[in-house]
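Participant: Next up, run_1.txt (compact mmCIF, N, CA, C and O atoms).
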```txt
# COMPACT_ATOMS: atom_id res chain seq x y z
N GLY A 1 18.18 15.48 13.79
CA GLY A 1 18.36 14.32 14.62
C GLY A 1 17.34 14.23 15.73
O GLY A 1 16.81 13.15 16.01
N LEU A 2 17.06 15.36 16.39
CA LEU A 2 16.10 15.35 17.49
C LEU A 2 14.69 15.06 17.00
O LEU A 2 13.92 14.34 17.66
N ALA A 3 14.36 15.58 15.83
CA ALA A 3 13.04 15.30 15.26
C ALA A 3 12.91 13.82 14.94
O ALA A 3 11.86 13.21 15.20
N ARG A 4 13.95 13.20 14.40
CA ARG A 4 13.92 11.77 14.09
C ARG A 4 13.79 10.94 15.37
O ARG A 4 13.10 9.93 15.40
N ASP A 5 14.46 11.38 16.45
CA ASP A 5 14.32 10.70 17.74
C ASP A 5 12.87 10.75 18.21
O ASP A 5 12.33 9.76 18.69
N ALA A 6 12.25 11.91 18.08
CA ALA A 6 10.85 12.06 18.49
C ALA A 6 9.94 11.18 17.64
O ALA A 6 9.03 10.54 18.18
N ILE A 7 10.18 11.11 16.35
CA ILE A 7 9.39 10.25 15.46
C ILE A 7 9.50 8.79 15.92
O ILE A 7 8.49 8.09 16.04
N ARG A 8 10.70 8.35 16.20
CA ARG A 8 10.91 6.98 16.66
C ARG A 8 10.16 6.72 17.96
O ARG A 8 9.47 5.69 18.11
N LEU A 9 10.24 7.65 18.90
CA LEU A 9 9.55 7.49 20.19
C LEU A 9 8.03 7.44 20.03
O LEU A 9 7.35 6.62 20.66
N ILE A 10 7.51 8.30 19.19
CA ILE A 10 6.06 8.33 18.96
C ILE A 10 5.61 7.04 18.29
O ILE A 10 4.57 6.47 18.65
N GLN A 11 6.38 6.56 17.33
CA GLN A 11 6.02 5.31 16.65
C GLN A 11 6.06 4.12 17.62
O GLN A 11 5.21 3.23 17.56
N GLU A 12 7.05 4.10 18.51
CA GLU A 12 7.13 3.04 19.52
C GLU A 12 5.93 3.12 20.46
O GLU A 12 5.35 2.09 20.83
N ALA A 13 5.56 4.34 20.86
CA ALA A 13 4.41 4.53 21.76
C ALA A 13 3.12 4.09 21.07
O ALA A 13 2.26 3.47 21.70
N ARG A 14 3.01 4.37 19.79
CA ARG A 14 1.85 3.94 19.01
C ARG A 14 1.74 2.42 19.06
O ARG A 14 0.68 1.86 19.36
N LYS A 15 2.84 1.74 18.81
CA LYS A 15 2.87 0.27 18.82
C LYS A 15 2.53 -0.27 20.20
O LYS A 15 1.71 -1.18 20.34
N ASN A 16 3.14 0.31 21.24
CA ASN A 16 2.92 -0.15 22.61
C ASN A 16 1.50 0.12 23.09
O ASN A 16 1.03 -0.51 24.03
N SER A 17 0.82 1.07 22.44
CA SER A 17 -0.57 1.39 22.80
C SER A 17 -1.57 0.52 22.06
O SER A 17 -2.77 0.65 22.25
N GLY A 18 -1.07 -0.36 21.19
CA GLY A 18 -1.95 -1.25 20.45
C GLY A 18 -2.59 -0.62 19.23
O GLY A 18 -3.51 -1.18 18.65
N LEU A 19 -2.08 0.54 18.83
CA LEU A 19 -2.62 1.19 17.63
C LEU A 19 -2.01 0.58 16.39
O LEU A 19 -0.85 0.18 16.38
N ASP A 20 -2.78 0.54 15.33
CA ASP A 20 -2.31 0.05 14.05
C ASP A 20 -1.38 1.08 13.43
O ASP A 20 -1.54 2.28 13.64
N VAL A 21 -0.44 0.62 12.63
CA VAL A 21 0.52 1.51 11.99
C VAL A 21 -0.16 2.52 11.07
O VAL A 21 0.37 3.60 10.83
N ALA A 22 -1.36 2.21 10.59
CA ALA A 22 -2.07 3.12 9.68
C ALA A 22 -3.06 4.04 10.40
O ALA A 22 -3.64 4.92 9.77
N ASP A 23 -3.25 3.87 11.71
CA ASP A 23 -4.19 4.71 12.45
C ASP A 23 -3.72 6.16 12.48
O ASP A 23 -2.53 6.44 12.67
N ARG A 24 -4.65 7.07 12.30
CA ARG A 24 -4.37 8.50 12.45
C ARG A 24 -4.41 8.82 13.94
O ARG A 24 -5.23 8.26 14.68
N ILE A 25 -3.51 9.70 14.38
CA ILE A 25 -3.42 10.02 15.80
C ILE A 25 -3.38 11.52 16.04
O ILE A 25 -3.14 12.31 15.11
N ALA A 26 -3.60 11.89 17.29
CA ALA A 26 -3.39 13.25 17.76
C ALA A 26 -2.27 13.18 18.78
O ALA A 26 -2.19 12.22 19.56
N VAL A 27 -1.38 14.16 18.77
CA VAL A 27 -0.22 14.18 19.66
C VAL A 27 -0.15 15.52 20.38
O VAL A 27 -0.31 16.57 19.75
N ARG A 28 0.07 15.47 21.68
CA ARG A 28 0.38 16.65 22.49
C ARG A 28 1.73 16.39 23.14
O ARG A 28 1.96 15.31 23.68
N TRP A 29 2.61 17.35 23.09
CA TRP A 29 3.94 17.14 23.64
C TRP A 29 4.43 18.37 24.41
O TRP A 29 3.96 19.49 24.19
N GLN A 30 5.40 18.12 25.30
CA GLN A 30 6.07 19.17 26.06
C GLN A 30 7.51 18.75 26.28
O GLN A 30 7.80 17.56 26.44
N SER A 31 8.40 19.74 26.32
CA SER A 31 9.80 19.48 26.63
C SER A 31 10.37 20.64 27.42
O SER A 31 10.04 21.80 27.15
N THR A 32 11.25 20.32 28.36
CA THR A 32 11.94 21.36 29.12
C THR A 32 13.27 21.71 28.48
O THR A 32 13.96 22.62 28.95
N ASN A 33 13.64 21.01 27.42
CA ASN A 33 14.89 21.26 26.71
C ASN A 33 14.62 22.21 25.54
O ASN A 33 13.90 21.85 24.60
N PRO A 34 15.21 23.40 25.56
CA PRO A 34 14.97 24.38 24.48
C PRO A 34 15.35 23.86 23.08
O PRO A 34 14.69 24.20 22.11
N GLU A 35 16.40 23.05 22.99
CA GLU A 35 16.81 22.51 21.70
C GLU A 35 15.75 21.54 21.15
O GLU A 35 15.45 21.54 19.96
N VAL A 36 15.20 20.72 22.02
CA VAL A 36 14.17 19.77 21.61
C VAL A 36 12.91 20.53 21.21
O VAL A 36 12.30 20.24 20.18
N THR A 37 12.53 21.51 22.00
CA THR A 37 11.36 22.32 21.68
C THR A 37 11.52 22.97 20.32
O THR A 37 10.60 22.95 19.50
N SER A 38 12.68 23.53 20.07
CA SER A 38 12.94 24.18 18.78
C SER A 38 12.86 23.17 17.63
O SER A 38 12.23 23.44 16.61
N ALA A 39 13.48 22.01 17.81
CA ALA A 39 13.48 20.99 16.74
C ALA A 39 12.07 20.47 16.47
O ALA A 39 11.67 20.33 15.31
N LEU A 40 11.31 20.21 17.52
CA LEU A 40 9.97 19.66 17.33
C LEU A 40 9.00 20.70 16.79
O LEU A 40 8.03 20.35 16.12
N THR A 41 9.28 21.96 17.02
CA THR A 41 8.46 23.03 16.45
C THR A 41 8.85 23.27 14.99
O THR A 41 7.99 23.36 14.12
N THR A 42 10.14 23.37 14.74
CA THR A 42 10.64 23.62 13.38
C THR A 42 10.24 22.51 12.41
O THR A 42 9.89 22.77 11.27
N HIS A 43 10.28 21.28 12.89
CA HIS A 43 10.00 20.12 12.03
C HIS A 43 8.62 19.53 12.28
O HIS A 43 8.39 18.34 12.04
N ALA A 44 7.69 20.34 12.74
CA ALA A 44 6.35 19.87 13.09
C ALA A 44 5.66 19.17 11.92
O ALA A 44 5.05 18.10 12.10
N ASP A 45 5.74 19.73 10.73
CA ASP A 45 5.08 19.11 9.57
C ASP A 45 5.67 17.75 9.25
O ASP A 45 4.93 16.80 8.96
N LEU A 46 6.99 17.65 9.29
CA LEU A 46 7.66 16.37 9.02
C LEU A 46 7.24 15.32 10.05
O LEU A 46 6.88 14.20 9.70
N ILE A 47 7.27 15.69 11.33
CA ILE A 47 6.91 14.75 12.39
C ILE A 47 5.46 14.31 12.23
O ILE A 47 5.16 13.11 12.27
N ALA A 48 4.56 15.27 12.04
CA ALA A 48 3.14 14.94 11.89
C ALA A 48 2.93 14.00 10.70
O ALA A 48 2.17 13.04 10.80
N ASP A 49 3.59 14.27 9.58
CA ASP A 49 3.45 13.41 8.41
C ASP A 49 3.96 12.00 8.68
O ASP A 49 3.31 11.02 8.33
N GLU A 50 5.12 11.89 9.31
CA GLU A 50 5.73 10.59 9.56
C GLU A 50 4.92 9.73 10.51
O GLU A 50 4.87 8.51 10.35
N VAL A 51 4.30 10.34 11.52
CA VAL A 51 3.56 9.57 12.52
C VAL A 51 2.06 9.53 12.24
O VAL A 51 1.30 9.00 13.04
N LEU A 52 1.64 10.09 11.10
CA LEU A 52 0.24 10.15 10.69
C LEU A 52 -0.62 10.90 11.71
O LEU A 52 -1.73 10.50 12.04
N ALA A 53 -0.09 12.01 12.20
CA ALA A 53 -0.83 12.83 13.16
C ALA A 53 -1.68 13.86 12.43
O ALA A 53 -1.18 14.66 11.65
N THR A 54 -2.97 13.81 12.67
CA THR A 54 -3.87 14.80 12.10
C THR A 54 -3.93 16.03 13.00
O THR A 54 -4.42 17.08 12.59
N ASP A 55 -3.40 15.89 14.20
CA ASP A 55 -3.36 16.98 15.18
C ASP A 55 -2.06 16.81 15.96
O ASP A 55 -1.88 15.82 16.67
N TYR A 56 -1.15 17.76 15.81
CA TYR A 56 0.17 17.70 16.44
C TYR A 56 0.47 19.07 17.03
O TYR A 56 0.54 20.05 16.29
N ALA A 57 0.59 19.15 18.35
CA ALA A 57 0.81 20.45 18.97
C ALA A 57 1.50 20.31 20.31
O ALA A 57 1.42 19.27 20.97
N THR A 58 2.14 21.37 20.73
CA THR A 58 2.71 21.42 22.06
C THR A 58 1.62 21.84 23.04
O THR A 58 0.66 22.49 22.64
N GLY A 59 1.74 21.39 24.27
CA GLY A 59 0.78 21.80 25.28
C GLY A 59 0.23 20.66 26.09
O GLY A 59 0.60 19.50 25.91
N GLU A 60 -0.64 21.00 27.00
CA GLU A 60 -1.28 20.03 27.88
C GLU A 60 -2.26 19.16 27.10
O GLU A 60 -2.92 19.63 26.19
N ALA A 61 -2.34 17.90 27.51
CA ALA A 61 -3.29 16.97 26.91
C ALA A 61 -4.47 16.80 27.86
O ALA A 61 -4.29 16.77 29.07
N ASP A 62 -5.66 16.68 27.30
CA ASP A 62 -6.83 16.44 28.15
C ASP A 62 -6.94 14.94 28.46
O ASP A 62 -6.13 14.13 28.02
N ALA A 63 -7.95 14.58 29.21
CA ALA A 63 -8.12 13.20 29.68
C ALA A 63 -8.29 12.20 28.54
O ALA A 63 -8.00 11.01 28.71
N ALA A 64 -8.71 12.63 27.37
CA ALA A 64 -8.90 11.72 26.24
C ALA A 64 -7.59 11.11 25.75
O ALA A 64 -7.60 10.10 25.06
N TYR A 65 -6.48 11.70 26.11
CA TYR A 65 -5.18 11.22 25.64
C TYR A 65 -4.60 10.08 26.47
O TYR A 65 -3.69 9.41 26.03
N GLY A 66 -5.07 9.86 27.66
CA GLY A 66 -4.54 8.77 28.47
C GLY A 66 -3.18 9.08 29.07
O GLY A 66 -2.80 10.24 29.24
N GLU A 67 -2.45 8.02 29.37
CA GLU A 67 -1.17 8.12 30.07
C GLU A 67 -0.08 8.75 29.20
O GLU A 67 -0.03 8.50 28.00
N PRO A 68 0.81 9.51 29.85
CA PRO A 68 1.91 10.13 29.09
C PRO A 68 3.04 9.14 28.82
O PRO A 68 3.21 8.15 29.54
N PHE A 69 3.78 9.42 27.78
CA PHE A 69 5.03 8.72 27.47
C PHE A 69 6.14 9.72 27.74
O PHE A 69 6.04 10.89 27.35
N THR A 70 7.21 9.27 28.38
CA THR A 70 8.29 10.19 28.75
C THR A 70 9.63 9.63 28.30
O THR A 70 9.89 8.43 28.43
N ASP A 71 10.45 10.51 27.77
CA ASP A 71 11.82 10.16 27.41
C ASP A 71 12.74 11.12 28.15
O ASP A 71 12.79 12.32 27.80
N GLU A 72 13.42 10.64 29.17
CA GLU A 72 14.28 11.48 29.99
C GLU A 72 15.45 12.12 29.22
O GLU A 72 15.71 13.30 29.38
N PRO A 73 16.17 11.36 28.36
CA PRO A 73 17.29 11.98 27.65
C PRO A 73 16.89 13.21 26.82
O PRO A 73 17.67 14.15 26.69
N LEU A 74 15.67 13.20 26.26
CA LEU A 74 15.21 14.34 25.47
C LEU A 74 14.42 15.34 26.31
O LEU A 74 14.02 16.38 25.80
N SER A 75 14.17 15.00 27.57
CA SER A 75 13.29 15.83 28.42
C SER A 75 11.95 16.05 27.71
O SER A 75 11.42 17.15 27.67
N LEU A 76 11.43 14.97 27.15
CA LEU A 76 10.23 15.02 26.34
C LEU A 76 9.12 14.18 26.96
O LEU A 76 9.35 13.04 27.35
N THR A 77 7.95 14.76 27.07
CA THR A 77 6.75 14.04 27.49
C THR A 77 5.70 14.26 26.41
O THR A 77 5.52 15.37 25.95
N PHE A 78 5.04 13.18 26.00
CA PHE A 78 4.00 13.33 24.99
C PHE A 78 2.85 12.38 25.28
O PHE A 78 3.00 11.37 25.97
N HIS A 79 1.70 12.74 24.75
CA HIS A 79 0.48 11.95 24.84
C HIS A 79 0.01 11.73 23.41
O HIS A 79 0.20 12.57 22.55
N LEU A 80 -0.63 10.59 23.19
CA LEU A 80 -1.24 10.37 21.88
C LEU A 80 -2.57 9.65 22.04
O LEU A 80 -2.83 9.02 23.06
N ARG A 81 -3.39 9.82 21.03
CA ARG A 81 -4.67 9.11 20.99
C ARG A 81 -5.07 8.94 19.54
O ARG A 81 -4.65 9.69 18.66
N LYS A 82 -5.89 7.93 19.31
CA LYS A 82 -6.39 7.68 17.96
C LYS A 82 -7.46 8.73 17.62
O LYS A 82 -8.24 9.11 18.47
N THR A 83 -7.43 9.21 16.38
CA THR A 83 -8.44 10.19 15.96
C THR A 83 -9.47 9.53 15.06
O THR A 83 -9.28 8.45 14.56
```
If you took the structure in this file and wrote it as structure tokens, what would it be?
Facilitator:
Amino acid sequence: GLARDAIRLIQEARKNSGLDVADRIAVRWQSTNPEVTSALTTHADLIADEVLATDYATGEADAAYGEPFTDEPLSLTFHLRKT
């Protein structure tokens, strides 16, 4: 469930950023919630496949990623950029 929530949030962020649904992206994410961290790590391949991420990892994003997207209920912050 948490992985599906993250997929939905990333897809919404992609749309709001003006990216095409077929664009490949890179994602950097962080969460202070251990359950979310576990789910996003365990299901990393599924999430990357669903959002067309060629680069999906936890950690800090550099300036190329732009503004962060935050979801308070999941304690999730992520950045994305077109690759």
Participant: Could you state the separation of CA of Lys82 (chain A) and CA of Tyr65 (chain A) in Å, given to one decimal place?
Facilitator: 8.5 Å
Participant: Would you please give, as a count of residues only, all residues of region 1-82 of chain A that DSSP assigns to alpha helix (DSSP H) based on the backbone?
Facilitator: 32
Participant: Determine the nearest neighbour of Ser31 (chain A) from the options A:Thr58, A:Ser75, A:Asn16, A:Gln11, counting only N, CA, C and O atoms.
Facilitator: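 Between A:Thr58, A:Ser75, A:Asn16, A:Gln11, the residue approaching Ser31 (chain A) most closely is A:Ser75.
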Participant: Mind pulling up the distance from CA of Asp62 (chain A) to CA of Ala26 (chain A)?
Facilitator: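 CA of Asp62 (chain A) lies 11.4 Å from CA of Ala26 (chain A).
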Participant: Quick one: distance from CA of Ala22 (chain A) to atom N of Tyr56 (chain A) in Å, one decimal?
Facilitator: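 Atom-to-atom, CA of Ala22 (chain A) and atom N of Tyr56 (chain A) are spaced 15.9 Å apart.
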